[in-house]
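**Student:** If it helps, the file is called entry00.txt and holds compact mmCIF, C-alpha atoms:
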# COMPACT_ATOMS: atom_id res chain seq x y z
CA THR M 1 -21.01 67.44 -43.67
CA ARG M 2 -22.87 67.41 -47.00
CA THR M 3 -23.93 63.85 -47.79
CA SER M 4 -24.42 61.90 -44.57
CA GLY M 5 -24.63 64.61 -41.92
CA VAL M 6 -22.32 62.60 -39.65
CA ALA M 7 -20.07 65.65 -39.21
CA HIS M 8 -21.78 68.90 -38.29
CA LEU M 9 -19.14 71.47 -39.20
CA SER M 10 -15.93 71.52 -41.23
CA ALA M 11 -12.88 73.75 -41.11
CA ALA M 12 -9.99 74.53 -43.45
CA ASN M 13 -7.35 73.96 -40.75
CA ASP M 14 -6.87 73.25 -37.07
CA LEU M 15 -6.87 76.91 -36.02
CA GLU M 16 -10.20 77.54 -37.75
CA ALA M 17 -11.58 74.35 -36.20
CA MET M 18 -10.59 75.42 -32.68
CA SER M 19 -12.07 78.87 -33.24
CA ALA M 20 -15.38 77.33 -34.37
CA LEU M 21 -15.32 74.99 -31.38
CA ARG M 22 -14.85 77.87 -28.94
CA ARG M 23 -17.72 79.72 -30.55
CA LEU M 24 -19.98 76.68 -30.28
CA VAL M 25 -19.08 75.93 -26.66
CA GLY M 26 -19.82 79.57 -25.82
CA PHE M 27 -23.50 78.89 -26.47
CA LEU M 28 -23.70 75.79 -24.26
CA PRO M 29 -24.03 75.26 -20.49
CA SER M 30 -21.39 73.22 -18.69
CA SER M 31 -23.93 70.49 -17.96
CA ASN M 32 -27.65 69.76 -18.07
CA ARG M 33 -27.90 71.00 -14.48
CA GLU M 34 -26.66 74.46 -15.36
CA PRO M 35 -28.67 77.17 -17.15
CA PRO M 36 -27.53 78.26 -20.62
CA PRO M 37 -24.91 81.03 -20.50
CA VAL M 38 -25.95 84.67 -20.72
CA ARG M 39 -23.75 87.25 -22.39
CA GLU M 40 -24.07 90.99 -22.02
CA THR M 41 -25.49 92.72 -25.07
CA GLU M 42 -26.46 96.22 -26.06
CA ASP M 43 -29.06 94.95 -28.52
CA SER M 44 -32.35 96.07 -26.97
CA ARG M 45 -35.51 94.00 -26.98
CA ALA M 46 -37.29 97.13 -28.17
CA ARG M 47 -35.35 97.15 -31.45
CA LYS M 48 -37.69 97.00 -34.41
CA ASP M 49 -36.45 96.07 -37.87
CA SER M 50 -38.72 97.49 -40.56
CA ALA M 51 -36.98 95.28 -43.16
CA LEU M 52 -38.85 92.32 -41.69
CA ASP M 53 -42.10 93.88 -42.89
CA ARG M 54 -40.87 93.50 -46.48
CA ILE M 55 -38.73 90.38 -46.39
CA VAL M 56 -41.48 87.89 -47.32
CA PRO M 57 -42.45 88.28 -51.01
CA GLU M 58 -46.09 88.93 -51.86
CA ASP M 59 -46.03 86.05 -54.34
CA PRO M 60 -46.21 82.88 -52.19
CA ASN M 61 -44.16 80.97 -54.76
CA VAL M 62 -41.14 83.29 -54.62
CA PRO M 63 -38.38 82.09 -52.24
CA TYR M 64 -36.48 84.21 -49.74
CA ASP M 65 -33.60 83.67 -47.35
CA MET M 66 -34.92 82.46 -44.01
CA GLY M 67 -31.41 82.67 -42.57
CA ALA M 68 -31.34 86.43 -43.18
CA LEU M 69 -34.78 86.75 -41.58
CA VAL M 70 -33.74 84.86 -38.46
CA ARG M 71 -30.55 86.88 -38.07
CA ARG M 72 -32.57 90.12 -38.05
CA VAL M 73 -34.44 88.86 -34.99
CA LEU M 74 -31.45 87.58 -32.98
CA ASP M 75 -28.97 89.57 -30.90
CA ASP M 76 -26.42 91.34 -33.08
CA ARG M 77 -27.67 89.28 -36.06
CA GLU M 78 -25.48 86.38 -34.94
CA LEU M 79 -26.49 82.82 -35.87
CA LEU M 80 -24.21 79.80 -35.59
CA GLU M 81 -25.64 77.22 -37.95
CA VAL M 82 -25.22 73.53 -37.13
CA SER M 83 -24.94 71.23 -40.16
CA PRO M 84 -25.31 74.14 -42.60
CA SER M 85 -24.29 72.01 -45.59
CA TYR M 86 -26.58 69.06 -44.83
CA ALA M 87 -30.35 69.07 -45.45
CA LYS M 88 -30.24 72.72 -46.43
CA ASN M 89 -34.03 72.92 -46.58
CA ILE M 90 -34.04 73.33 -42.82
CA ILE M 91 -31.88 75.60 -40.66
CA THR M 92 -30.69 74.56 -37.21
CA GLY M 93 -28.37 76.61 -35.07
CA PHE M 94 -27.72 78.70 -31.99
CA GLY M 95 -28.29 82.38 -31.37
CA ARG M 96 -29.03 84.70 -28.47
CA MET M 97 -31.98 86.75 -27.30
CA GLU M 98 -31.11 89.42 -24.73
CA GLY M 99 -27.82 87.61 -24.24
CA ALA M 100 -29.32 84.19 -23.46
CA THR M 101 -28.76 81.17 -25.70
CA VAL M 102 -31.65 79.95 -27.86
CA GLY M 103 -31.90 77.12 -30.38
CA ILE M 104 -33.21 77.93 -33.84
CA VAL M 105 -35.15 75.63 -36.17
CA ALA M 106 -36.40 77.20 -39.41
CA ASN M 107 -37.58 76.07 -42.83
CA GLN M 108 -35.49 77.42 -45.72
CA PRO M 109 -37.68 78.36 -48.75
CA GLN M 110 -34.58 78.68 -50.93
CA GLU M 111 -34.05 74.89 -50.80
CA LEU M 112 -36.80 72.51 -51.97
CA ALA M 113 -39.27 75.36 -51.29
CA GLY M 114 -38.82 74.62 -47.58
CA CYS M 115 -40.38 71.13 -47.79
CA LEU M 116 -39.53 68.63 -45.09
CA ASP M 117 -37.83 65.46 -46.30
CA ILE M 118 -36.21 62.53 -44.52
CA ASP M 119 -32.85 64.23 -43.95
CA ALA M 120 -34.38 67.52 -42.79
CA SER M 121 -36.72 65.74 -40.36
CA ALA M 122 -33.89 63.75 -38.78
CA LYS M 123 -31.59 66.78 -38.63
CA ALA M 124 -34.17 68.96 -36.92
CA ALA M 125 -35.31 66.20 -34.54
CA ARG M 126 -31.75 65.58 -33.38
CA PHE M 127 -31.22 69.29 -32.78
CA VAL M 128 -34.50 69.74 -30.88
CA ARG M 129 -33.61 66.87 -28.56
CA PHE M 130 -30.12 68.29 -28.02
CA CYS M 131 -31.56 71.66 -26.98
CA ASP M 132 -34.06 69.99 -24.67
CA CYS M 133 -31.25 68.01 -23.01
CA PHE M 134 -29.45 71.21 -22.07
CA ASN M 135 -32.44 73.44 -21.23
CA ILE M 136 -32.00 75.67 -24.27
CA PRO M 137 -35.26 77.40 -25.37
CA LEU M 138 -36.44 76.71 -28.91
CA LEU M 139 -37.44 79.32 -31.48
CA THR M 140 -39.11 77.89 -34.58
CA PHE M 141 -39.70 79.85 -37.79
CA VAL M 142 -42.19 78.16 -40.10
CA ASP M 143 -42.60 78.38 -43.87
CA VAL M 144 -43.36 74.82 -44.94
CA PRO M 145 -45.60 73.73 -47.84
CA GLY M 146 -45.58 70.09 -46.75
CA PHE M 147 -43.51 66.93 -46.80
CA LEU M 148 -41.51 66.30 -49.96
CA PRO M 149 -43.47 63.90 -52.22
CA GLY M 150 -41.96 61.10 -54.28
CA ARG M 151 -41.32 57.38 -54.37
CA ALA M 152 -37.83 57.68 -52.89
CA GLN M 153 -39.16 59.52 -49.85
CA GLU M 154 -42.04 57.10 -49.34
CA HIS M 155 -39.81 54.04 -49.66
CA GLY M 156 -37.26 55.65 -47.35
CA GLY M 157 -39.89 55.99 -44.60
CA ILE M 158 -40.70 59.70 -44.63
CA ILE M 159 -43.63 59.14 -42.25
CA ARG M 160 -41.41 57.40 -39.71
CA HIS M 161 -38.69 60.03 -39.95
CA GLY M 162 -41.19 62.88 -39.87
CA ALA M 163 -42.60 61.35 -36.70
CA LYS M 164 -39.18 61.78 -35.07
CA LEU M 165 -39.49 65.55 -35.38
CA LEU M 166 -43.07 65.48 -34.13
CA PHE M 167 -42.02 63.37 -31.15
CA ALA M 168 -39.03 65.57 -30.36
CA TYR M 169 -41.11 68.74 -30.19
CA ALA M 170 -43.94 67.07 -28.26
CA GLU M 171 -41.51 65.68 -25.68
CA ALA M 172 -39.44 68.86 -25.26
CA THR M 173 -40.13 70.69 -22.00
CA VAL M 174 -38.05 73.81 -22.66
CA PRO M 175 -39.76 77.09 -23.63
CA LYS M 176 -41.04 76.81 -27.22
CA VAL M 177 -41.95 79.88 -29.27
CA THR M 178 -43.10 79.54 -32.88
CA VAL M 179 -43.45 82.15 -35.63
CA ILE M 180 -45.27 81.31 -38.87
CA THR M 181 -43.93 83.61 -41.58
CA ARG M 182 -45.78 82.25 -44.61
CA LYS M 183 -46.90 78.71 -45.47
CA ALA M 184 -47.91 76.21 -42.80
CA TYR M 185 -49.56 73.35 -44.63
CA GLY M 186 -50.83 69.95 -43.57
CA GLY M 187 -48.84 67.50 -41.47
CA ALA M 188 -45.65 69.48 -41.95
CA TYR M 189 -47.27 72.43 -40.17
CA ASP M 190 -48.21 70.12 -37.34
CA VAL M 191 -44.67 68.81 -36.70
CA MET M 192 -43.08 72.29 -36.76
CA SER M 193 -43.75 73.11 -33.09
CA SER M 194 -47.45 73.78 -33.59
CA LYS M 195 -49.87 74.48 -30.76
CA HIS M 196 -50.96 70.84 -31.08
CA LEU M 197 -47.50 69.79 -29.87
CA ARG M 198 -47.76 71.99 -26.78
CA ALA M 199 -45.75 74.94 -28.02
CA ASP M 200 -45.99 77.71 -25.45
CA VAL M 201 -46.53 80.67 -27.78
CA ASN M 202 -47.43 80.60 -31.46
CA TYR M 203 -47.37 83.75 -33.58
CA ALA M 204 -48.29 84.34 -37.20
CA TRP M 205 -47.32 87.17 -39.48
CA PRO M 206 -50.04 88.70 -41.67
CA SER M 207 -48.53 86.81 -44.62
CA ALA M 208 -49.10 83.44 -42.90
CA GLU M 209 -51.31 80.72 -44.39
CA VAL M 210 -52.36 77.90 -42.07
CA ALA M 211 -54.21 75.26 -44.05
CA VAL M 212 -54.34 71.62 -45.10
CA MET M 213 -52.78 72.48 -48.46
CA GLY M 214 -52.40 75.30 -50.98
CA ALA M 215 -55.46 76.98 -52.41
CA LYS M 216 -55.20 75.61 -55.95
CA GLY M 217 -54.73 72.00 -54.86
CA ALA M 218 -57.59 72.22 -52.38
CA VAL M 219 -59.96 73.75 -54.93
CA GLU M 220 -59.19 71.09 -57.53
CA ILE M 221 -60.12 68.40 -55.01
CA ILE M 222 -63.19 70.11 -53.51
CA PHE M 223 -64.73 71.32 -56.76
CA ARG M 224 -63.31 68.55 -58.98
CA GLY M 225 -61.78 70.90 -61.52
CA LYS M 226 -64.84 73.12 -61.99
CA ASN M 227 -64.45 76.93 -61.92
CA VAL M 228 -60.93 76.52 -60.59
CA GLU M 229 -59.78 80.12 -60.98
CA GLU M 230 -62.91 81.62 -59.47
CA GLU M 231 -63.06 79.20 -56.57
CA THR M 232 -59.32 79.58 -55.95
CA LEU M 233 -59.78 83.32 -55.42
CA ARG M 234 -62.60 82.66 -52.97
CA TYR M 235 -60.57 80.03 -51.14
CA GLU M 236 -57.56 82.34 -50.87
CA ALA M 237 -59.71 85.19 -49.55
CA LYS M 238 -61.03 82.93 -46.80
CA PHE M 239 -58.07 80.72 -45.89
CA ALA M 240 -54.87 82.33 -47.26
CA ASN M 241 -54.41 84.23 -44.02
CA PRO M 242 -53.88 83.39 -40.33
CA LEU M 243 -57.27 84.61 -39.09
CA VAL M 244 -59.13 81.29 -39.12
CA ALA M 245 -56.25 79.60 -37.27
CA ALA M 246 -56.24 82.43 -34.72
CA GLN M 247 -60.00 82.10 -34.21
CA ARG M 248 -59.59 78.41 -33.44
CA GLY M 249 -56.73 78.99 -31.00
CA PHE M 250 -53.99 77.49 -33.17
CA VAL M 251 -52.26 80.89 -33.21
CA ASP M 252 -52.02 83.12 -30.13
CA ALA M 253 -51.64 86.39 -32.03
CA VAL M 254 -51.13 87.85 -35.47
CA ILE M 255 -48.21 90.26 -35.12
CA SER M 256 -46.35 92.78 -37.21
CA PRO M 257 -43.06 91.26 -38.41
CA SER M 258 -41.07 94.23 -37.12
CA GLU M 259 -42.18 93.56 -33.52
CA THR M 260 -41.22 89.88 -33.57
CA ARG M 261 -38.04 90.38 -31.54
CA THR M 262 -39.82 92.31 -28.80
CA ARG M 263 -42.56 89.71 -28.49
CA ILE M 264 -40.14 86.80 -28.32
CA CYS M 265 -37.98 88.49 -25.68
CA GLU M 266 -41.05 89.11 -23.53
CA ASP M 267 -42.21 85.52 -23.91
CA LEU M 268 -38.80 84.06 -23.05
CA GLU M 269 -38.68 86.20 -19.91
CA LEU M 270 -42.14 84.93 -18.93
CA LEU M 271 -41.17 81.30 -19.62
CA ARG M 272 -37.76 81.47 -17.96
CA ASP M 273 -38.87 79.38 -14.97
CA LYS M 274 -41.07 76.98 -16.92
CA GLN M 275 -41.46 73.62 -15.22
CA VAL M 276 -43.22 70.54 -16.60
CA GLN M 277 -44.13 67.68 -14.28
CA ARG M 278 -44.68 64.33 -15.97
CA PRO M 279 -45.46 60.82 -14.68
CA TRP M 280 -42.40 58.65 -14.15
CA LYS M 281 -41.50 56.19 -16.90
CA LYS M 282 -38.43 54.21 -17.80
CA HIS M 283 -37.83 56.08 -21.06
CA SER M 284 -39.74 57.46 -24.03
CA ASN M 285 -40.48 55.43 -27.15
CA ILE M 286 -39.30 57.67 -30.00
CA PRO M 287 -39.99 56.19 -33.46
CA LEU M 288 -36.41 55.34 -34.43
Kindly return the structure encoded in the file as structure tokens.

**Tutor:**
Amino acid sequence: TRTSGVAHLSAANDLEAMSALRRLVGFLPSSNREPPPVRETEDSRARKDSALDRIVPEDPNVPYDMGALVRRVLDDRELLEVSPSYAKNIITGFGRMEGATVGIVANQPQELAGCLDIDASAKAARFVRFCDCFNIPLLTFVDVPGFLPGRAQEHGGIIRHGAKLLFAYAEATVPKVTVITRKAYGGAYDVMSSKHLRADVNYAWPSAEVAVMGAKGAVEIIFRGKNVEEETLRYEAKFANPLVAAQRGFVDAVISPSETRTRICEDLELLRDKQVQRPWKKHSNIPL
């Protein structure tokens, strides 16, 4: 559960294992021909959580718990994480919105600053494809500064493994709703259910930054080390916000964090009968 990711969950004894299994199965349909189960809930779509307006720190380099953020959006703050001890820099799991099962994929800023690495890419890609197999809508929460740099990652094939996640999202035909909470940089932004991968609805919080890279790194390249502090402030004023991305259609709306739950519930209702017709082919060619 920690090193290889072969096992998804662990339990202290057989009773705890059976209890966890029942909880997991409760989120899943009986087959790919059945819709995901719906459970009655008293958690209204109109519920607004003002804590979400303050959960992302003003300093973009300060981490926060994405798991806590996601739970505040879901029904009854319930999230069943899958592989919680493996590739902790990305969260995958099941929750509910208005009683219906949804799959969650979210970057975790508390681990590796939320960077995508080989293990995180493979973990998320496997989960996205699982949800697509069983018609489970996907909610993606994005705070990713990029792919993890380093010789080990390059030699391990980070591009190939990152492409698995890109492919999984692009191929998925279930409803896909994305929320950018803070950083969305470069190729890592692209693979996290961006509009370029045919996500249905993409939101950004006011704290979101959609760019090729961080302001300081971009300024050092563009201006070659001249007037770095001054030019960084100008760059941040222009690009360290979601407005440019919204103008170009990469983001559908900039929303208040506290209304995220309401927006997602409305979108999932609209997308409930989503159908995608594609030309016949023998099978896809995922970059294994």

**Student:** One decimal, in Å: what's the spacing between atom CA of Phe147 of chain M and atom CA of Phe127 of chain M?

**Tutor:** 18.8 Å

**Student:** Quick one: everything within 8 Å of segment 182-191 of chain M, counting only C-alpha atoms, minus sequence neighbours fewer than 6 positions away in the same chain. Send it as a list in words.

**Tutor:**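 Contacts, in chain order: Val56, Pro60, Leu116, Val142, Asp143, Val144, Pro145, Gly146, Phe147, Gly162, Ala163, Leu165, Leu166, Tyr169, Leu197, Trp205, Ser207, Ala208, Glu209, Val210, Ala211, Val212, Met213 and Gly214 of chain M.
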
**Student:** One decimal, in Å: what's the spacing between atom CA of Arg126 of chain M and atom CA of Val105 of chain M?

**Tutor:**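 Interatomic distance here is 11.0 Å.
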
**Student:** Rounded to one decimal, what separation in Å do you get between atom CA of Ser44 of chain M and atom CA of Thr173 of chain M?

**Tutor:** 27.0 Å

**Student:** For a quick check of understanding, using all atoms listed in the file, which of M:Ala20, M:Met66, M:Met97, M:Val276 has the smallest distance to Arg261 of chain M?

**Tutor:**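 Of all the options, M:Met97 lies closest to Arg261 of chain M.
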
**Student:** Name all residues at most 9 Å from Gly67 of chain M (count all atoms listed in the file; drop same-chain ones fewer than 3 positions away) and give them as a short mmCIF file (atom, residue, chain, number, x, y, z; two decimals) with C-alpha atoms, in the coordinates of the input.

**Tutor:**
data_model
loop_
_atom_site.label_atom_id
_atom_site.label_comp_id
_atom_site.auth_asym_id
_atom_site.auth_seq_id
_atom_site.Cartn_x
_atom_site.Cartn_y
_atom_site.Cartn_z
CA TYR M 64 -36.48 84.21 -49.74
CA VAL M 70 -33.74 84.86 -38.46
CA ARG M 71 -30.55 86.88 -38.07
CA ARG M 72 -32.57 90.12 -38.05
CA LEU M 79 -26.49 82.82 -35.87
CA ILE M 91 -31.88 75.60 -40.66
CA ALA M 106 -36.40 77.20 -39.41
CA GLN M 108 -35.49 77.42 -45.72
#

**Student:** In terms of the shortest atom-to-atom distance over all atoms listed in the file, which of M:Ala51, M:Ile180, M:Ala215, M:Val102 is closest to Ala237 of chain M?

**Tutor:** M:Ala215

**Student:** Here is a test: counting all atoms listed in the file, which residue of M:Pro137, M:Arg96, M:Lys216, M:Ile158 is nearest to Leu271 of chain M?

**Tutor:** M:Pro137

**Student:** Show which residues sit within 10 Å of Glu34 of chain M, as a PyMOL selection string. Count only C-alpha atoms, and ignore same-chain residues fewer than 6 positions away.

**Tutor:** chain M and resi 28+134-135

**Student:** Can you tell me, as a list in words, what residues are no more than 10 Å from Ser85 of chain M when counting all atoms listed in the file, ignoring any on the same chain fewer than 3 positions away?

**Tutor:** Thr1, Arg2, Thr3, Gly5, Ala7, His8, Leu9, Ser10, Glu81, Val82, Lys88, Asn89 and Ile91 of chain M

**Student:** Under the rule that all atoms listed in the file are counted, which of M:Asp273, M:Glu78, M:Glu111, M:Asp119 is the nearest residue to Val6 of chain M?

**Tutor:**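 Once distances to Val6 of chain M are computed over all atoms listed in the file, the minimum belongs to M:Asp119.
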
**Student:** Rank M:Tyr235, M:Pro279, M:Val201, M:Asp117 by their smallest atom-to-atom distance to Arg151 of chain M, using all atoms listed in the file, and report the top residue only.

**Tutor:**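 The answer is M:Asp117, which sits nearest to Arg151 of chain M.
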
**Student:** Go through M:Ala12, M:Leu139, M:Ile55, M:Val73 and flag the residue nearest Thr92 of chain M, using all atoms listed in the file for the distances.

**Tutor:**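 Result for the nearest residue to Thr92 of chain M: M:Leu139.
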
**Student:** Starting from the sparse input, extend segment 226-237 of chain M to all heavy atoms and give the output as a compact mmCIF listing (two decimals), in the frame of the given file.

**Tutor:**
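So the final result, stored in selection_1.txt, reads:
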# COMPACT_ATOMS: atom_id res chain seq x y z
N LYS M 226 -63.85 72.19 -61.45
CA LYS M 226 -64.84 73.12 -61.99
C LYS M 226 -64.61 74.53 -61.43
O LYS M 226 -64.44 74.70 -60.22
CB LYS M 226 -66.25 72.66 -61.64
CG LYS M 226 -66.61 71.31 -62.25
CD LYS M 226 -68.01 70.89 -61.84
CE LYS M 226 -68.37 69.52 -62.43
NZ LYS M 226 -69.73 69.09 -62.02
N ASN M 227 -64.61 75.53 -62.32
CA ASN M 227 -64.45 76.93 -61.92
C ASN M 227 -63.23 77.11 -61.01
O ASN M 227 -63.30 77.76 -59.96
CB ASN M 227 -65.70 77.43 -61.19
CG ASN M 227 -66.95 77.31 -62.03
OD1 ASN M 227 -66.92 77.53 -63.25
ND2 ASN M 227 -68.06 76.96 -61.39
N VAL M 228 -62.12 76.54 -61.44
CA VAL M 228 -60.93 76.52 -60.59
C VAL M 228 -60.44 77.92 -60.25
O VAL M 228 -60.18 78.23 -59.08
CB VAL M 228 -59.79 75.71 -61.27
CG1 VAL M 228 -58.50 75.84 -60.47
CG2 VAL M 228 -60.19 74.26 -61.41
N GLU M 229 -60.31 78.78 -61.23
CA GLU M 229 -59.78 80.12 -60.98
C GLU M 229 -60.68 80.92 -60.04
O GLU M 229 -60.20 81.58 -59.11
CB GLU M 229 -59.60 80.87 -62.31
CG GLU M 229 -58.51 80.27 -63.20
CD GLU M 229 -58.26 81.11 -64.44
OE1 GLU M 229 -58.88 82.20 -64.55
OE2 GLU M 229 -57.46 80.69 -65.29
N GLU M 230 -61.96 80.88 -60.30
CA GLU M 230 -62.91 81.62 -59.47
C GLU M 230 -62.93 81.09 -58.04
O GLU M 230 -62.88 81.87 -57.07
CB GLU M 230 -64.31 81.52 -60.08
CG GLU M 230 -65.38 82.27 -59.28
CD GLU M 230 -66.76 82.11 -59.88
OE1 GLU M 230 -66.88 81.67 -61.05
OE2 GLU M 230 -67.75 82.43 -59.18
N GLU M 231 -63.00 79.78 -57.91
CA GLU M 231 -63.06 79.20 -56.57
C GLU M 231 -61.73 79.34 -55.83
O GLU M 231 -61.70 79.45 -54.60
CB GLU M 231 -63.43 77.72 -56.66
CG GLU M 231 -64.81 77.45 -57.22
CD GLU M 231 -65.92 78.05 -56.36
OE1 GLU M 231 -65.66 78.33 -55.17
OE2 GLU M 231 -67.04 78.23 -56.87
N THR M 232 -60.62 79.37 -56.58
CA THR M 232 -59.32 79.58 -55.95
C THR M 232 -59.25 80.95 -55.30
O THR M 232 -58.74 81.10 -54.17
CB THR M 232 -58.19 79.43 -56.98
OG1 THR M 232 -58.19 78.10 -57.50
CG2 THR M 232 -56.83 79.70 -56.33
N LEU M 233 -59.76 81.97 -55.98
CA LEU M 233 -59.78 83.32 -55.42
C LEU M 233 -60.61 83.38 -54.15
O LEU M 233 -60.24 84.02 -53.16
CB LEU M 233 -60.32 84.31 -56.46
CG LEU M 233 -59.43 84.55 -57.69
CD1 LEU M 233 -60.14 85.45 -58.69
CD2 LEU M 233 -58.09 85.16 -57.28
N ARG M 234 -61.75 82.69 -54.16
CA ARG M 234 -62.60 82.66 -52.97
C ARG M 234 -61.91 81.93 -51.82
O ARG M 234 -61.96 82.37 -50.66
CB ARG M 234 -63.92 81.96 -53.29
CG ARG M 234 -64.84 82.75 -54.24
CD ARG M 234 -66.15 81.99 -54.44
NE ARG M 234 -67.02 82.69 -55.36
CZ ARG M 234 -68.21 82.25 -55.75
NH1 ARG M 234 -68.66 81.08 -55.28
NH2 ARG M 234 -68.95 82.95 -56.60
N TYR M 235 -61.26 80.82 -52.15
CA TYR M 235 -60.57 80.03 -51.14
C TYR M 235 -59.43 80.85 -50.52
O TYR M 235 -59.24 80.85 -49.29
CB TYR M 235 -60.03 78.75 -51.76
CG TYR M 235 -59.48 77.74 -50.78
CD1 TYR M 235 -60.26 76.70 -50.30
CD2 TYR M 235 -58.16 77.83 -50.32
CE1 TYR M 235 -59.75 75.77 -49.40
CE2 TYR M 235 -57.64 76.92 -49.43
CZ TYR M 235 -58.45 75.88 -48.97
OH TYR M 235 -57.94 74.98 -48.06
N GLU M 236 -58.68 81.53 -51.37
CA GLU M 236 -57.56 82.34 -50.87
C GLU M 236 -58.06 83.47 -49.98
O GLU M 236 -57.44 83.78 -48.95
CB GLU M 236 -56.78 82.92 -52.05
CG GLU M 236 -55.96 81.88 -52.80
CD GLU M 236 -55.24 82.47 -54.00
OE1 GLU M 236 -55.64 83.58 -54.43
OE2 GLU M 236 -54.30 81.84 -54.51
N ALA M 237 -59.17 84.09 -50.36
CA ALA M 237 -59.71 85.19 -49.55
C ALA M 237 -60.11 84.72 -48.16
O ALA M 237 -59.99 85.45 -47.18
CB ALA M 237 -60.91 85.81 -50.26
